[in-house]
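Shown here: target-v1.txt, compact mmCIF, C-alpha atoms and all ligand atoms.
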# COMPACT_ATOMS: atom_id res chain seq x y z
CA MET A 1 93.14 157.38 161.27
CA ARG A 2 92.67 161.07 160.93
CA HIS A 3 88.92 161.53 160.90
CA PRO A 4 87.18 159.21 163.33
CA LEU A 5 83.48 158.85 162.73
CA GLN A 6 81.45 161.19 164.82
CA GLY A 7 78.95 158.93 166.46
CA PRO A 8 76.91 157.47 163.60
CA SER A 9 74.45 154.83 164.68
CA LEU A 10 75.47 151.21 164.54
CA VAL A 11 72.63 150.52 162.17
CA LEU A 12 73.89 153.03 159.66
CA LEU A 13 77.41 151.75 159.98
CA LEU A 14 76.32 148.27 159.35
CA MET A 15 74.44 149.11 156.21
CA ALA A 16 77.92 150.01 155.22
CA THR A 17 79.20 146.94 153.54
CA GLY A 18 76.46 147.05 150.96
CA ALA A 19 74.88 150.43 150.97
CA CYS A 20 74.62 150.37 147.20
CA GLY A 21 73.38 146.78 147.11
CA VAL A 22 70.20 147.91 145.42
CA PRO A 23 71.67 150.50 143.12
CA ALA A 24 70.32 153.97 142.69
CA GLU A 25 69.85 155.34 139.21
CA PRO A 26 72.94 157.11 137.96
CA GLY A 27 72.75 160.86 138.31
CA PRO A 28 75.08 163.80 137.98
CA SER A 29 78.19 163.51 140.06
CA ALA A 30 81.08 165.74 140.93
CA PRO A 31 84.49 164.49 139.87
CA ALA A 32 86.00 162.38 142.62
CA PRO A 33 89.45 163.29 143.88
CA THR A 34 92.18 161.43 142.05
CA GLY A 35 95.83 160.70 142.65
CA ALA A 36 97.78 158.17 144.65
CA PRO A 37 97.02 158.12 148.37
CA THR A 38 99.89 159.10 150.56
CA ASP A 39 98.88 157.71 153.94
CA ALA A 40 99.35 154.11 155.06
CA ALA A 41 95.65 153.20 155.13
CA GLY A 42 95.13 154.57 151.64
CA GLN A 43 98.18 152.81 150.29
CA PHE A 44 97.02 149.55 151.80
CA ALA A 45 93.58 149.92 150.21
CA SER A 46 95.20 150.60 146.82
CA LYS A 47 97.38 147.54 147.22
CA VAL A 48 94.39 145.33 148.00
CA LEU A 49 92.45 146.71 145.05
CA ALA A 50 95.42 145.99 142.77
CA ASP A 51 95.52 142.43 144.10
CA THR A 52 91.79 141.95 143.39
CA GLU A 53 92.49 143.19 139.87
CA ASP A 54 95.12 140.50 139.36
CA THR A 55 92.65 137.82 140.44
CA TRP A 56 89.64 139.02 138.48
CA THR A 57 91.65 139.83 135.36
CA GLU A 58 92.86 136.23 135.37
CA LEU A 59 89.42 134.74 136.07
CA PHE A 60 87.75 136.84 133.36
CA ALA A 61 90.53 135.89 130.91
CA GLN A 62 89.74 132.21 131.48
CA THR A 63 86.43 132.78 129.71
CA GLY A 64 87.91 135.09 127.10
CA GLN A 65 86.68 138.28 128.74
CA ARG A 66 88.43 141.46 129.67
CA TYR A 67 87.99 142.62 133.25
CA PRO A 68 86.92 146.26 133.45
CA GLN A 69 88.68 147.52 136.55
CA PRO A 70 86.76 149.57 139.09
CA THR A 71 88.12 152.85 140.40
CA LEU A 72 88.96 153.24 144.07
CA VAL A 73 87.80 156.37 145.86
CA LEU A 74 88.96 156.91 149.44
CA PHE A 75 86.97 159.29 151.57
CA THR A 76 86.31 160.57 155.02
CA ASP A 77 83.31 162.67 156.05
CA ALA A 78 81.25 162.65 152.85
CA VAL A 79 81.52 161.86 149.18
CA GLN A 80 79.46 162.49 146.09
CA SER A 81 78.94 159.65 143.65
CA ALA A 82 76.59 158.69 140.83
CA CYS A 83 74.57 157.09 143.65
CA GLY A 84 74.10 160.44 145.36
CA THR A 85 75.84 162.03 148.29
CA ASN A 86 76.85 159.71 151.08
CA SER A 87 78.25 160.63 154.43
CA SER A 88 80.94 158.56 156.07
CA ALA A 89 78.19 157.08 158.27
CA VAL A 90 77.28 154.93 155.28
CA GLY A 91 80.69 153.32 155.30
CA PRO A 92 82.24 151.61 152.30
CA PHE A 93 80.05 151.08 149.25
CA TYR A 94 80.08 150.32 145.54
CA CYS A 95 78.24 152.52 143.11
CA PRO A 96 77.21 150.68 139.92
CA GLY A 97 76.45 153.95 138.12
CA ASP A 98 80.10 155.04 138.04
CA ARG A 99 81.78 151.67 138.69
CA LYS A 100 83.67 152.99 141.68
CA VAL A 101 84.47 151.41 145.03
CA TYR A 102 84.10 154.01 147.77
CA ILE A 103 86.07 153.23 150.90
CA ASP A 104 85.50 155.24 154.04
CA LEU A 105 88.75 154.98 155.96
CA GLY A 106 87.03 155.73 159.26
CA PHE A 107 85.01 152.53 158.95
CA TYR A 108 88.08 150.41 159.60
CA ARG A 109 88.50 151.95 162.99
CA GLU A 110 84.89 151.08 163.79
CA LEU A 111 85.37 147.56 162.51
CA ASP A 112 88.17 147.09 164.97
CA ARG A 113 86.92 149.05 167.96
CA ARG A 114 83.16 148.47 167.90
CA PHE A 115 82.82 145.16 166.15
CA GLY A 116 85.92 143.41 167.38
CA ALA A 117 87.21 142.67 163.89
CA PRO A 118 90.75 144.05 163.79
CA GLY A 119 93.52 143.38 161.32
CA ASP A 120 94.51 144.28 157.82
CA PHE A 121 92.83 141.29 156.27
CA ALA A 122 89.50 142.31 157.79
CA GLN A 123 89.97 145.57 155.90
CA ALA A 124 90.95 143.71 152.74
CA TYR A 125 87.77 141.63 153.03
CA VAL A 126 85.66 144.80 153.05
CA ILE A 127 87.29 145.99 149.82
CA ALA A 128 87.04 142.54 148.22
CA HIS A 129 83.32 142.46 149.13
CA GLU A 130 82.72 145.80 147.38
CA VAL A 131 84.70 144.53 144.38
CA GLY A 132 82.30 141.56 144.52
CA HIS A 133 79.48 144.03 143.85
CA HIS A 134 81.48 145.36 140.90
CA ILE A 135 81.66 141.82 139.51
CA GLN A 136 77.87 141.56 139.94
CA ASN A 137 77.48 144.84 138.08
CA VAL A 138 79.58 143.86 135.06
CA THR A 139 78.13 140.34 134.86
CA GLY A 140 74.53 141.60 134.91
CA VAL A 141 73.56 140.29 138.36
CA PHE A 142 72.59 143.78 139.49
CA ASP A 143 70.19 144.19 136.59
CA ARG A 144 68.65 140.76 137.10
CA VAL A 145 68.12 141.45 140.80
CA ARG A 146 66.63 144.84 140.06
CA GLN A 147 64.22 143.32 137.55
CA SER A 148 63.11 140.45 139.76
CA ALA A 149 62.97 142.25 143.08
CA SER A 150 59.50 143.03 144.37
CA ARG A 151 58.37 144.59 147.61
CA ALA A 152 57.67 141.10 148.93
CA ASN A 153 61.09 139.62 148.20
CA GLN A 154 63.41 142.62 148.26
CA ASN A 155 65.05 141.69 151.56
CA GLU A 156 65.65 138.14 150.47
CA MET A 157 67.10 139.29 147.14
CA SER A 158 69.34 141.75 148.95
CA VAL A 159 70.62 139.03 151.28
CA ARG A 160 71.37 136.70 148.35
CA GLN A 161 73.18 139.48 146.52
CA GLU A 162 75.24 140.41 149.58
CA LEU A 163 76.14 136.79 150.33
CA GLN A 164 77.34 136.40 146.75
CA ALA A 165 79.61 139.44 147.21
CA ASP A 166 80.97 137.73 150.35
CA CYS A 167 81.60 134.58 148.33
CA TYR A 168 83.38 136.58 145.60
CA ALA A 169 85.53 138.15 148.31
CA GLY A 170 86.41 134.60 149.31
CA VAL A 171 87.29 133.70 145.71
CA TRP A 172 89.76 136.58 145.71
CA GLY A 173 91.14 135.36 149.06
CA HIS A 174 91.68 131.91 147.56
CA TYR A 175 93.97 133.30 144.85
CA ALA A 176 95.64 135.80 147.16
CA ALA A 177 96.59 132.84 149.36
CA LYS A 178 97.90 130.95 146.33
CA ARG A 179 100.07 133.91 145.40
CA GLY A 180 101.50 133.86 148.92
CA ALA A 181 100.01 137.27 149.67
CA LEU A 182 98.43 136.23 152.98
CA GLU A 183 100.01 136.02 156.39
CA PRO A 184 99.21 133.51 159.13
CA GLY A 185 95.96 134.55 160.81
CA ASP A 186 94.66 136.50 157.81
CA VAL A 187 91.89 134.06 156.96
CA GLU A 188 90.71 134.10 160.58
CA GLU A 189 90.62 137.91 160.50
CA GLY A 190 88.41 137.79 157.43
CA LEU A 191 86.08 135.24 158.98
CA THR A 192 85.87 137.29 162.17
CA ALA A 193 84.94 140.35 160.14
CA ALA A 194 82.29 138.43 158.21
CA ALA A 195 80.80 137.17 161.48
CA ALA A 196 80.95 140.59 163.16
CA ILE A 197 78.80 142.28 160.52
CA GLY A 198 76.05 139.66 160.19
CA ASP A 199 72.55 141.10 160.45
CA ASP A 200 71.60 138.98 163.47
CA GLN A 201 74.70 140.10 165.32
CA ILE A 202 73.98 143.75 164.55
CA GLN A 203 70.31 143.51 165.46
CA ARG A 204 71.15 141.86 168.76
CA LYS A 205 73.46 144.77 169.54
CA THR A 206 71.23 147.57 168.33
CA GLN A 207 67.64 146.48 168.94
CA GLY A 208 68.01 143.55 171.30
CA GLN A 209 66.00 141.23 169.10
CA VAL A 210 66.50 139.45 165.81
CA THR A 211 64.06 139.91 162.92
CA PRO A 212 65.24 137.88 159.92
CA GLU A 213 62.58 139.32 157.60
CA SER A 214 64.29 142.70 157.81
CA TRP A 215 67.79 141.42 157.02
CA THR A 216 69.67 142.89 154.08
CA HIS A 217 73.06 141.16 154.28
CA GLY A 218 72.45 137.80 155.95
CA SER A 219 73.29 136.32 159.32
CA SER A 220 76.79 135.98 160.70
CA ALA A 221 76.67 132.25 160.00
CA GLN A 222 75.58 132.82 156.40
CA ARG A 223 78.24 135.45 155.77
CA VAL A 224 80.95 133.22 157.20
CA GLN A 225 79.62 130.25 155.22
CA TRP A 226 79.67 132.03 151.86
CA PHE A 227 82.99 133.75 152.42
CA ARG A 228 84.42 130.35 153.27
CA THR A 229 82.80 128.75 150.22
CA GLY A 230 84.60 131.16 147.89
CA LEU A 231 87.81 130.91 149.87
CA GLN A 232 87.95 127.14 149.68
CA SER A 233 86.72 126.63 146.12
CA GLY A 234 88.21 129.60 144.29
CA GLN A 235 85.32 129.05 141.88
CA VAL A 236 82.95 131.77 140.77
CA ALA A 237 80.37 129.08 140.02
CA SER A 238 80.35 128.02 143.67
CA CYS A 239 78.89 131.43 144.54
CA ASP A 240 75.38 130.82 143.21
CA THR A 241 73.61 132.16 146.26
CA PHE A 242 70.50 132.76 144.20
CA SER A 243 69.84 129.06 143.71
CA ALA A 244 70.94 127.99 147.16
CA ARG A 245 68.27 127.27 149.74
ZN ZN A 301 77.57 144.54 150.06

Rewrite the coordinates I just gave you, this time as structure tokens.
Amino acid sequence: MRHPLQGPSLVLLLMATGACGVPAEPGPSAPAPTGAPTDAAGQFASKVLADTEDTWTELFAQTGQRYPQPTLVLFTDAVQSACGTNSSAVGPFYCPGDRKVYIDLGFYRELDRRFGAPGDFAQAYVIAHEVGHHIQNVTGVFDRVRQSASRANQNEMSVRQELQADCYAGVWGHYAAKRGALEPGDVEEGLTAAAAIGDDQIQRKTQGQVTPESWTHGSSAQRVQWFRTGLQSGQVASCDTFSAR
């Protein structure tokens, strides 16, 4: 990829997959660049987003609803969104204020090189996870979390919200597999990615100790578990991480 990240900390990188998990208030934003991406990584991301649209359009239609598609914004270096200005060190994120999925192409390189999660399906999982946050936004989960989150439970609420986005990514994977869109080894790539970016795994690497009370996304085991739950069931209802113990 053209613009490798310039030494952001692991911690920052790993906030990546859910930087907008607790959404910021919408504010003024500059227009994001538009137009079809011309490079391979951008084209792949667009293809994955289109595939998530097929799945979620169908699932929403089953309950008589229209799926409002999110917009994909590819960036390197920095990007301005309704959630503020984020540098590429933040990684991929979803901004509820403008309903856009922001994908930092440099993150994929890190995913492969630093976290040992290579492969195109690992990249697809990251996009599907951010689309999972979009689903939470349009179904009101974001608002409910925002209303019920307190200082005491904000980490736990964040973890539950992130695990649900993992599960929704799995739901997409279930239908992608049914459509014959996956290749052998794809599911394993996704599971490897989910395990690589668990909070316990990251903390072990960055601070040498594990402090569950400071988690925001859940452990490797939890992320794998919920991604797998969605993958196997294909059911949105199976992703009730808020009731699960
Ligand atoms: Zn997330």

Return the single residue from A:Gln80, A:Ser214, A:Gln235, A:Gln164 that is closest to ligand ZN 301 (chain A), with distances computed using all atoms listed in the file.
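Distance minimum relative to ligand ZN 301 (chain A) lands on A:Gln164.
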
Residues around (85.3, 141.1, 157.3), cut-off 7 Å, counting all atoms listed in the file - what are they as a PyMOL selection string?
chain A and resi 122-123+125-126+189-194

Proximity to ligand ZN 301 (chain A) - best of A:His134, A:Lys178, A:Arg204, A:Arg113, only C-alpha atoms and all ligand atoms
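Of the candidates, the smallest distance to ligand ZN 301 (chain A) is held by A:His134.
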
Would you compute the distance between atom CA of A:Gln225 and atom CA of A:Gln43? Give it in Å to one decimal.
29.6 Å

Atom CA of A:Ala169 to atom CA of A:Ile127 measures 8.2 Å
